[in-house]
Amino acid sequence: MTNKRGFFLTLEGAEGVGKSTNIEFITQYLEQRGIDYVLTREPGGTQLGEKIRELLLAVHEESMSELTELLLVFAARAQHLDKIIEPALAAGKWVVCDRFTDATFAYQGAGRGLSMETIGELESMVQGELRPDLTLILDLDPEIGMQRASNRGELDRFEREQMSFFRHVRQGYLDIAQAEPERCTVIDAAKSLKDVKLDLLAALEQGLSKIT
Ligand code: Z5A
């Protein structure tokens, strides 16, 4: 155990922007520097959270109300914070999280049109003061993102949405980045993988320089 709180890094972006592809690069970077980390994701990250994730992604006969979707996302997050994120940060580890609450503002807020104020209230209720220290947002034209994602097989409940939904989600992320430039770095995910990695590296170096 260490007295120093860990570092909370989140990776965000709409469909097919390359989060899964690039997260391994991020964890390799941390390993090379001997940084102890926990890799996790949302929705999910815990046994119960992964069950909620299945509920959220599966296509059901009965349609899911937008409010149900919002509350499920935050239910999974409450469990995730309690079992994984808070303990890891308290132990001085880095937490590398594939999506977090920015995804809720982007998908349920900008995408579904739910009240940003309500989402903010749930954020405060579930997280208290906790926010990511650094958020890397992979940005890509949703047409290209969906093309990339569609090569992976059957589409989940979100991937079946209209292109206009993903345009709103993308804009939602860009709005967050504009409102919080200290925390968020936007990375152009249309570039080649090699160049995306170079940009990620620069953002990570900058993030690290703030805490060392
Ligand atoms: N959701 C929500 O609504 N509200 C919330 O609060 C939260 C989540 C937390 C599950 O997330 C869903 O939950 C998500 C939003 C919702 N919507 N959906 N679906 P997810 O993160 O598991 O789902 P995802 O967006 O589909 O992420 P993914 O599967 O991890 O995809 P990705 O990471 O963005 O893409 P990838 O698999 O790394 O890459 C896709 C393909 O592109 C692959 O073949 C790569 O080789 C290729 N690729 C990647 N980068 C490049 C570059 N630079 N050039 C060319 N090709 C590339």
# chains A, B, ... in the order shown; residues from 1 in each chain; ligands from 1
$ select_by_dssp --residues "stretch 32-154 of chain A" --states "helix (DSSP H, G or I)" --output "PyMOL selection string"
chain A and resi 32+47-57+66-90+101-111+116-127+142-150
$ closest_atom_pairs --of "chain A" --to "ligand 1" --cutoff "6 Å" --atoms "only C-alpha atoms and all ligand atoms" --output "tab-separated table"
residue	atom	partner	partner_atom_place_in_ligand_line	distance
A:Ala14	CA	ligand 1	25 (O)	5.4
A:Glu15	CA	ligand 1	25 (O)	3.8
A:Gly16	CA	ligand 1	34 (O)	3.6
A:Val17	CA	ligand 1	34 (O)	3.9
A:Gly18	CA	ligand 1	38 (O)	3.2
A:Lys19	CA	ligand 1	33 (O)	3.2
A:Ser20	CA	ligand 1	33 (O)	3.6
A:Thr21	CA	ligand 1	38 (O)	3.7
A:Glu42	CA	ligand 1	9 (C)	4.4
A:Pro43	CA	ligand 1	9 (C)	4.7
A:Val73	CA	ligand 1	6 (O)	5.4
A:Arg99	CA	ligand 1	9 (C)	5.0
A:Phe100	CA	ligand 1	9 (C)	4.9
A:Thr101	CA	ligand 1	6 (O)	5.3
A:Ala103	CA	ligand 1	6 (O)	4.3
A:Thr104	CA	ligand 1	6 (O)	3.5
A:Tyr107	CA	ligand 1	3 (O)	4.7
A:Gln108	CA	ligand 1	3 (O)	6.0
A:Arg148	CA	ligand 1	42 (O)	4.5
A:Ala149	CA	ligand 1	40 (C)	5.0
A:Asp156	CA	ligand 1	19 (N)	5.9
A:Phe158	CA	ligand 1	19 (N)	4.6
A:Glu159	CA	ligand 1	19 (N)	4.9
A:Ala189	CA	ligand 1	53 (N)	5.3
A:Ala190	CA	ligand 1	53 (N)	5.7
A:Lys191	CA	ligand 1	53 (N)	5.3
A:Ser192	CA	ligand 1	53 (N)	4.5
A:Leu193	CA	ligand 1	53 (N)	3.7
$ closest_residue --among "A:Thr118, A:Thr27, A:Gln79, A:Gln32" --to "A:Leu48" --atoms "only C-alpha atoms"
A:Gln79
$ closest_residue --among "A:Glu24, A:Asp141, A:Asp195, A:Glu182" --to "A:Val169" --atoms "only C-alpha atoms"
A:Asp141
$ closest_residue --among "A:His168, A:Lys210, A:Arg152, A:Arg77" --to "A:Thr40" --atoms "only C-alpha atoms"
A:Arg77
$ atom_distance --atom1 "atom CA of A:Gly6" --atom2 "atom CA of A:Ala91"
6.9 Å
$ atom_distance --atom1 "atom CA of A:Asp36" --atom2 "atom CA of A:Trp94"
6.3 Å
$ atom_distance --atom1 "atom CA of A:Arg170" --atom2 "atom CA of A:Gly111"
8.6 Å
$ residues_around --residues "A:Arg183" --least-positions-apart "5" --cutoff "12 Å" --atoms "only C-alpha atoms" --output "MDAnalysis selection string"
chainID A and resid 8:11 102 131:137 176:178 203:204 206:207 210
$ closest_residue --among "A:Gly13, A:Pro181, A:Gly49, A:Gly34" --to "A:Lys83" --atoms "only C-alpha atoms"
A:Gly49
$ closest_residue --among "A:Asp98, A:Glu205, A:Glu12, A:Asp82" --to "A:Leu39" --atoms "only C-alpha atoms"
A:Asp98
$ select_by_dssp --residues "chain A" --states "strand (DSSP E or B)" --output "PyMOL selection string"
chain A and resi 7-12+37-41+94-98+134-139+184-188
$ write_last_selection --atoms "C-alpha atoms" --output "mmCIF file, in the first residue's frame"
data_model
loop_
_atom_site.group_PDB
_atom_site.id
_atom_site.type_symbol
_atom_site.label_atom_id
_atom_site.label_comp_id
_atom_site.auth_asym_id
_atom_site.auth_seq_id
_atom_site.Cartn_x
_atom_site.Cartn_y
_atom_site.Cartn_z
ATOM 1 C CA PHE A 7 -4.253 7.958 -11.390
ATOM 2 C CA PHE A 8 -7.566 7.546 -13.176
ATOM 3 C CA LEU A 9 -7.254 7.336 -16.969
ATOM 4 C CA THR A 10 -10.276 6.862 -19.197
ATOM 5 C CA LEU A 11 -10.481 6.091 -22.912
ATOM 6 C CA GLU A 12 -13.551 7.258 -24.798
ATOM 7 C CA TYR A 37 -2.337 -0.530 -13.079
ATOM 8 C CA VAL A 38 -5.780 -2.095 -13.243
ATOM 9 C CA LEU A 39 -7.384 -2.428 -16.665
ATOM 10 C CA THR A 40 -11.154 -2.362 -16.638
ATOM 11 C CA ARG A 41 -14.175 -1.308 -18.671
ATOM 12 C CA TRP A 94 -3.483 3.554 -12.069
ATOM 13 C CA VAL A 95 -6.951 2.666 -13.268
ATOM 14 C CA VAL A 96 -7.225 2.410 -17.050
ATOM 15 C CA CYS A 97 -10.907 2.355 -17.891
ATOM 16 C CA ASP A 98 -12.416 1.696 -21.321
ATOM 17 C CA LEU A 134 -7.065 12.247 -17.820
ATOM 18 C CA THR A 135 -9.488 11.322 -20.593
ATOM 19 C CA LEU A 136 -8.352 10.397 -24.088
ATOM 20 C CA ILE A 137 -11.144 10.786 -26.624
ATOM 21 C CA LEU A 138 -10.654 8.983 -29.929
ATOM 22 C CA ASP A 139 -12.536 10.992 -32.528
ATOM 23 C CA CYS A 184 -9.604 15.774 -22.059
ATOM 24 C CA THR A 185 -7.358 15.235 -25.059
ATOM 25 C CA VAL A 186 -8.966 14.572 -28.432
ATOM 26 C CA ILE A 187 -7.065 12.189 -30.701
ATOM 27 C CA ASP A 188 -7.761 11.972 -34.424
#
$ residues_around --residues "A:Arg157" --least-positions-apart "5" --cutoff "7 Å" --atoms "only C-alpha atoms" --output "list in words"
Leu57, Ala58 and Val59 of chain A
$ write_last_selection --atoms "C-alpha atoms" --output "PDB file, in the first residue's frame"
ATOM      1  CA  LEU A  57     -25.988  -4.720 -25.177  1.00  0.00           C
ATOM      2  CA  ALA A  58     -28.412  -7.550 -25.964  1.00  0.00           C
ATOM      3  CA  VAL A  59     -31.317  -7.017 -28.313  1.00  0.00           C
TER       4      VAL A  59
END
$ residues_around --residues "A:Gly92" --least-positions-apart "2" --cutoff "6 Å" --atoms "only C-alpha atoms" --output "list of chain:residue names"
A:Thr2, A:Lys4, A:Arg5, A:Gly6, A:Leu89, A:Ala90
$ decode --residues "stretch 173-187 of chain A" --atoms "all heavy atoms" --output "PDB file, in the first residue's frame"
ATOM      1  N   TYR A 173     -19.163  14.068 -27.277  1.00  0.00           N
ATOM      2  CA  TYR A 173     -17.772  13.926 -26.807  1.00  0.00           C
ATOM      3  C   TYR A 173     -16.967  15.201 -27.086  1.00  0.00           C
ATOM      4  O   TYR A 173     -16.193  15.655 -26.245  1.00  0.00           O
ATOM      5  CB  TYR A 173     -17.089  12.743 -27.497  1.00  0.00           C
ATOM      6  CG  TYR A 173     -17.352  11.415 -26.834  1.00  0.00           C
ATOM      7  CD1 TYR A 173     -17.878  10.343 -27.556  1.00  0.00           C
ATOM      8  CD2 TYR A 173     -17.044  11.208 -25.491  1.00  0.00           C
ATOM      9  CE1 TYR A 173     -18.106   9.111 -26.952  1.00  0.00           C
ATOM     10  CE2 TYR A 173     -17.270   9.982 -24.885  1.00  0.00           C
ATOM     11  CZ  TYR A 173     -17.800   8.937 -25.619  1.00  0.00           C
ATOM     12  OH  TYR A 173     -18.022   7.727 -25.012  1.00  0.00           O
ATOM     13  N   LEU A 174     -17.145  15.757 -28.283  1.00  0.00           N
ATOM     14  CA  LEU A 174     -16.371  16.964 -28.625  1.00  0.00           C
ATOM     15  C   LEU A 174     -16.772  18.130 -27.718  1.00  0.00           C
ATOM     16  O   LEU A 174     -15.923  18.947 -27.336  1.00  0.00           O
ATOM     17  CB  LEU A 174     -16.566  17.318 -30.107  1.00  0.00           C
ATOM     18  CG  LEU A 174     -15.969  16.287 -31.087  1.00  0.00           C
ATOM     19  CD1 LEU A 174     -16.301  16.644 -32.530  1.00  0.00           C
ATOM     20  CD2 LEU A 174     -14.452  16.170 -30.906  1.00  0.00           C
ATOM     21  N   ASP A 175     -18.056  18.187 -27.356  1.00  0.00           N
ATOM     22  CA  ASP A 175     -18.512  19.251 -26.447  1.00  0.00           C
ATOM     23  C   ASP A 175     -17.865  19.100 -25.065  1.00  0.00           C
ATOM     24  O   ASP A 175     -17.466  20.088 -24.446  1.00  0.00           O
ATOM     25  CB  ASP A 175     -20.048  19.219 -26.302  1.00  0.00           C
ATOM     26  CG  ASP A 175     -20.745  19.666 -27.587  1.00  0.00           C
ATOM     27  OD1 ASP A 175     -20.075  20.241 -28.471  1.00  0.00           O
ATOM     28  OD2 ASP A 175     -21.963  19.407 -27.711  1.00  0.00           O
ATOM     29  N   ILE A 176     -17.773  17.846 -24.602  1.00  0.00           N
ATOM     30  CA  ILE A 176     -17.135  17.601 -23.295  1.00  0.00           C
ATOM     31  C   ILE A 176     -15.671  18.052 -23.355  1.00  0.00           C
ATOM     32  O   ILE A 176     -15.162  18.728 -22.462  1.00  0.00           O
ATOM     33  CB  ILE A 176     -17.207  16.101 -22.919  1.00  0.00           C
ATOM     34  CG1 ILE A 176     -18.659  15.681 -22.672  1.00  0.00           C
ATOM     35  CG2 ILE A 176     -16.333  15.806 -21.690  1.00  0.00           C
ATOM     36  CD1 ILE A 176     -18.877  14.181 -22.559  1.00  0.00           C
ATOM     37  N   ALA A 177     -14.995  17.680 -24.452  1.00  0.00           N
ATOM     38  CA  ALA A 177     -13.567  18.025 -24.594  1.00  0.00           C
ATOM     39  C   ALA A 177     -13.379  19.537 -24.608  1.00  0.00           C
ATOM     40  O   ALA A 177     -12.429  20.063 -24.021  1.00  0.00           O
ATOM     41  CB  ALA A 177     -13.013  17.405 -25.867  1.00  0.00           C
ATOM     42  N   GLN A 178     -14.317  20.212 -25.250  1.00  0.00           N
ATOM     43  CA  GLN A 178     -14.206  21.678 -25.315  1.00  0.00           C
ATOM     44  C   GLN A 178     -14.446  22.307 -23.938  1.00  0.00           C
ATOM     45  O   GLN A 178     -13.787  23.270 -23.556  1.00  0.00           O
ATOM     46  CB  GLN A 178     -15.220  22.218 -26.321  1.00  0.00           C
ATOM     47  CG  GLN A 178     -14.867  23.622 -26.737  1.00  0.00           C
ATOM     48  CD  GLN A 178     -15.830  24.153 -27.789  1.00  0.00           C
ATOM     49  OE1 GLN A 178     -16.963  23.672 -27.926  1.00  0.00           O
ATOM     50  NE2 GLN A 178     -15.406  25.154 -28.523  1.00  0.00           N
ATOM     51  N   ALA A 179     -15.385  21.720 -23.207  1.00  0.00           N
ATOM     52  CA  ALA A 179     -15.713  22.276 -21.887  1.00  0.00           C
ATOM     53  C   ALA A 179     -14.629  21.969 -20.852  1.00  0.00           C
ATOM     54  O   ALA A 179     -14.477  22.699 -19.885  1.00  0.00           O
ATOM     55  CB  ALA A 179     -17.061  21.714 -21.413  1.00  0.00           C
ATOM     56  N   GLU A 180     -13.904  20.853 -21.060  1.00  0.00           N
ATOM     57  CA  GLU A 180     -12.896  20.448 -20.061  1.00  0.00           C
ATOM     58  C   GLU A 180     -11.552  20.135 -20.719  1.00  0.00           C
ATOM     59  O   GLU A 180     -11.093  18.983 -20.697  1.00  0.00           O
ATOM     60  CB  GLU A 180     -13.385  19.221 -19.296  1.00  0.00           C
ATOM     61  CG  GLU A 180     -14.598  19.498 -18.431  1.00  0.00           C
ATOM     62  CD  GLU A 180     -14.989  18.266 -17.650  1.00  0.00           C
ATOM     63  OE1 GLU A 180     -14.238  17.862 -16.764  1.00  0.00           O
ATOM     64  OE2 GLU A 180     -16.048  17.695 -17.969  1.00  0.00           O
ATOM     65  N   PRO A 181     -10.912  21.163 -21.300  1.00  0.00           N
ATOM     66  CA  PRO A 181      -9.662  20.911 -22.026  1.00  0.00           C
ATOM     67  C   PRO A 181      -8.509  20.456 -21.131  1.00  0.00           C
ATOM     68  O   PRO A 181      -7.588  19.794 -21.597  1.00  0.00           O
ATOM     69  CB  PRO A 181      -9.346  22.276 -22.667  1.00  0.00           C
ATOM     70  CG  PRO A 181     -10.122  23.269 -21.884  1.00  0.00           C
ATOM     71  CD  PRO A 181     -11.313  22.576 -21.331  1.00  0.00           C
ATOM     72  N   GLU A 182      -8.559  20.769 -19.855  1.00  0.00           N
ATOM     73  CA  GLU A 182      -7.492  20.348 -18.935  1.00  0.00           C
ATOM     74  C   GLU A 182      -7.479  18.828 -18.757  1.00  0.00           C
ATOM     75  O   GLU A 182      -6.437  18.209 -18.645  1.00  0.00           O
ATOM     76  CB  GLU A 182      -7.719  20.992 -17.555  1.00  0.00           C
ATOM     77  CG  GLU A 182      -7.136  22.370 -17.424  1.00  0.00           C
ATOM     78  CD  GLU A 182      -5.614  22.365 -17.538  1.00  0.00           C
ATOM     79  OE1 GLU A 182      -4.983  21.692 -16.712  1.00  0.00           O
ATOM     80  OE2 GLU A 182      -5.084  23.027 -18.451  1.00  0.00           O
ATOM     81  N   ARG A 183      -8.686  18.263 -18.720  1.00  0.00           N
ATOM     82  CA  ARG A 183      -8.809  16.812 -18.483  1.00  0.00           C
ATOM     83  C   ARG A 183      -8.803  16.001 -19.771  1.00  0.00           C
ATOM     84  O   ARG A 183      -8.326  14.867 -19.794  1.00  0.00           O
ATOM     85  CB  ARG A 183     -10.114  16.536 -17.702  1.00  0.00           C
ATOM     86  CG  ARG A 183     -10.423  15.063 -17.559  1.00  0.00           C
ATOM     87  CD  ARG A 183     -11.628  14.824 -16.676  1.00  0.00           C
ATOM     88  NE  ARG A 183     -12.906  15.236 -17.246  1.00  0.00           N
ATOM     89  CZ  ARG A 183     -13.658  14.469 -18.032  1.00  0.00           C
ATOM     90  NH1 ARG A 183     -13.251  13.253 -18.378  1.00  0.00           N
ATOM     91  NH2 ARG A 183     -14.821  14.918 -18.488  1.00  0.00           N
ATOM     92  N   CYS A 184      -9.357  16.565 -20.845  1.00  0.00           N
ATOM     93  CA  CYS A 184      -9.604  15.774 -22.059  1.00  0.00           C
ATOM     94  C   CYS A 184      -8.637  16.103 -23.191  1.00  0.00           C
ATOM     95  O   CYS A 184      -8.376  17.273 -23.467  1.00  0.00           O
ATOM     96  CB  CYS A 184     -11.018  16.030 -22.575  1.00  0.00           C
ATOM     97  SG  CYS A 184     -12.304  15.670 -21.382  1.00  0.00           S
ATOM     98  N   THR A 185      -8.163  15.056 -23.850  1.00  0.00           N
ATOM     99  CA  THR A 185      -7.358  15.235 -25.059  1.00  0.00           C
ATOM    100  C   THR A 185      -8.056  14.491 -26.190  1.00  0.00           C
ATOM    101  O   THR A 185      -8.368  13.300 -26.054  1.00  0.00           O
ATOM    102  CB  THR A 185      -5.936  14.651 -24.869  1.00  0.00           C
ATOM    103  OG1 THR A 185      -5.323  15.328 -23.784  1.00  0.00           O
ATOM    104  CG2 THR A 185      -5.098  14.831 -26.123  1.00  0.00           C
ATOM    105  N   VAL A 186      -8.322  15.204 -27.279  1.00  0.00           N
ATOM    106  CA  VAL A 186      -8.966  14.572 -28.432  1.00  0.00           C
ATOM    107  C   VAL A 186      -7.886  14.064 -29.382  1.00  0.00           C
ATOM    108  O   VAL A 186      -6.943  14.786 -29.712  1.00  0.00           O
ATOM    109  CB  VAL A 186      -9.885  15.582 -29.170  1.00  0.00           C
ATOM    110  CG1 VAL A 186     -10.512  14.935 -30.404  1.00  0.00           C
ATOM    111  CG2 VAL A 186     -10.973  16.089 -28.230  1.00  0.00           C
ATOM    112  N   ILE A 187      -8.041  12.808 -29.799  1.00  0.00           N
ATOM    113  CA  ILE A 187      -7.065  12.189 -30.701  1.00  0.00           C
ATOM    114  C   ILE A 187      -7.764  11.834 -32.006  1.00  0.00           C
ATOM    115  O   ILE A 187      -8.845  11.227 -31.987  1.00  0.00           O
ATOM    116  CB  ILE A 187      -6.488  10.924 -30.030  1.00  0.00           C
ATOM    117  CG1 ILE A 187      -5.844  11.389 -28.735  1.00  0.00           C
ATOM    118  CG2 ILE A 187      -5.573  10.143 -30.977  1.00  0.00           C
ATOM    119  CD1 ILE A 187      -4.738  10.712 -28.171  1.00  0.00           C
TER     120      ILE A 187
END
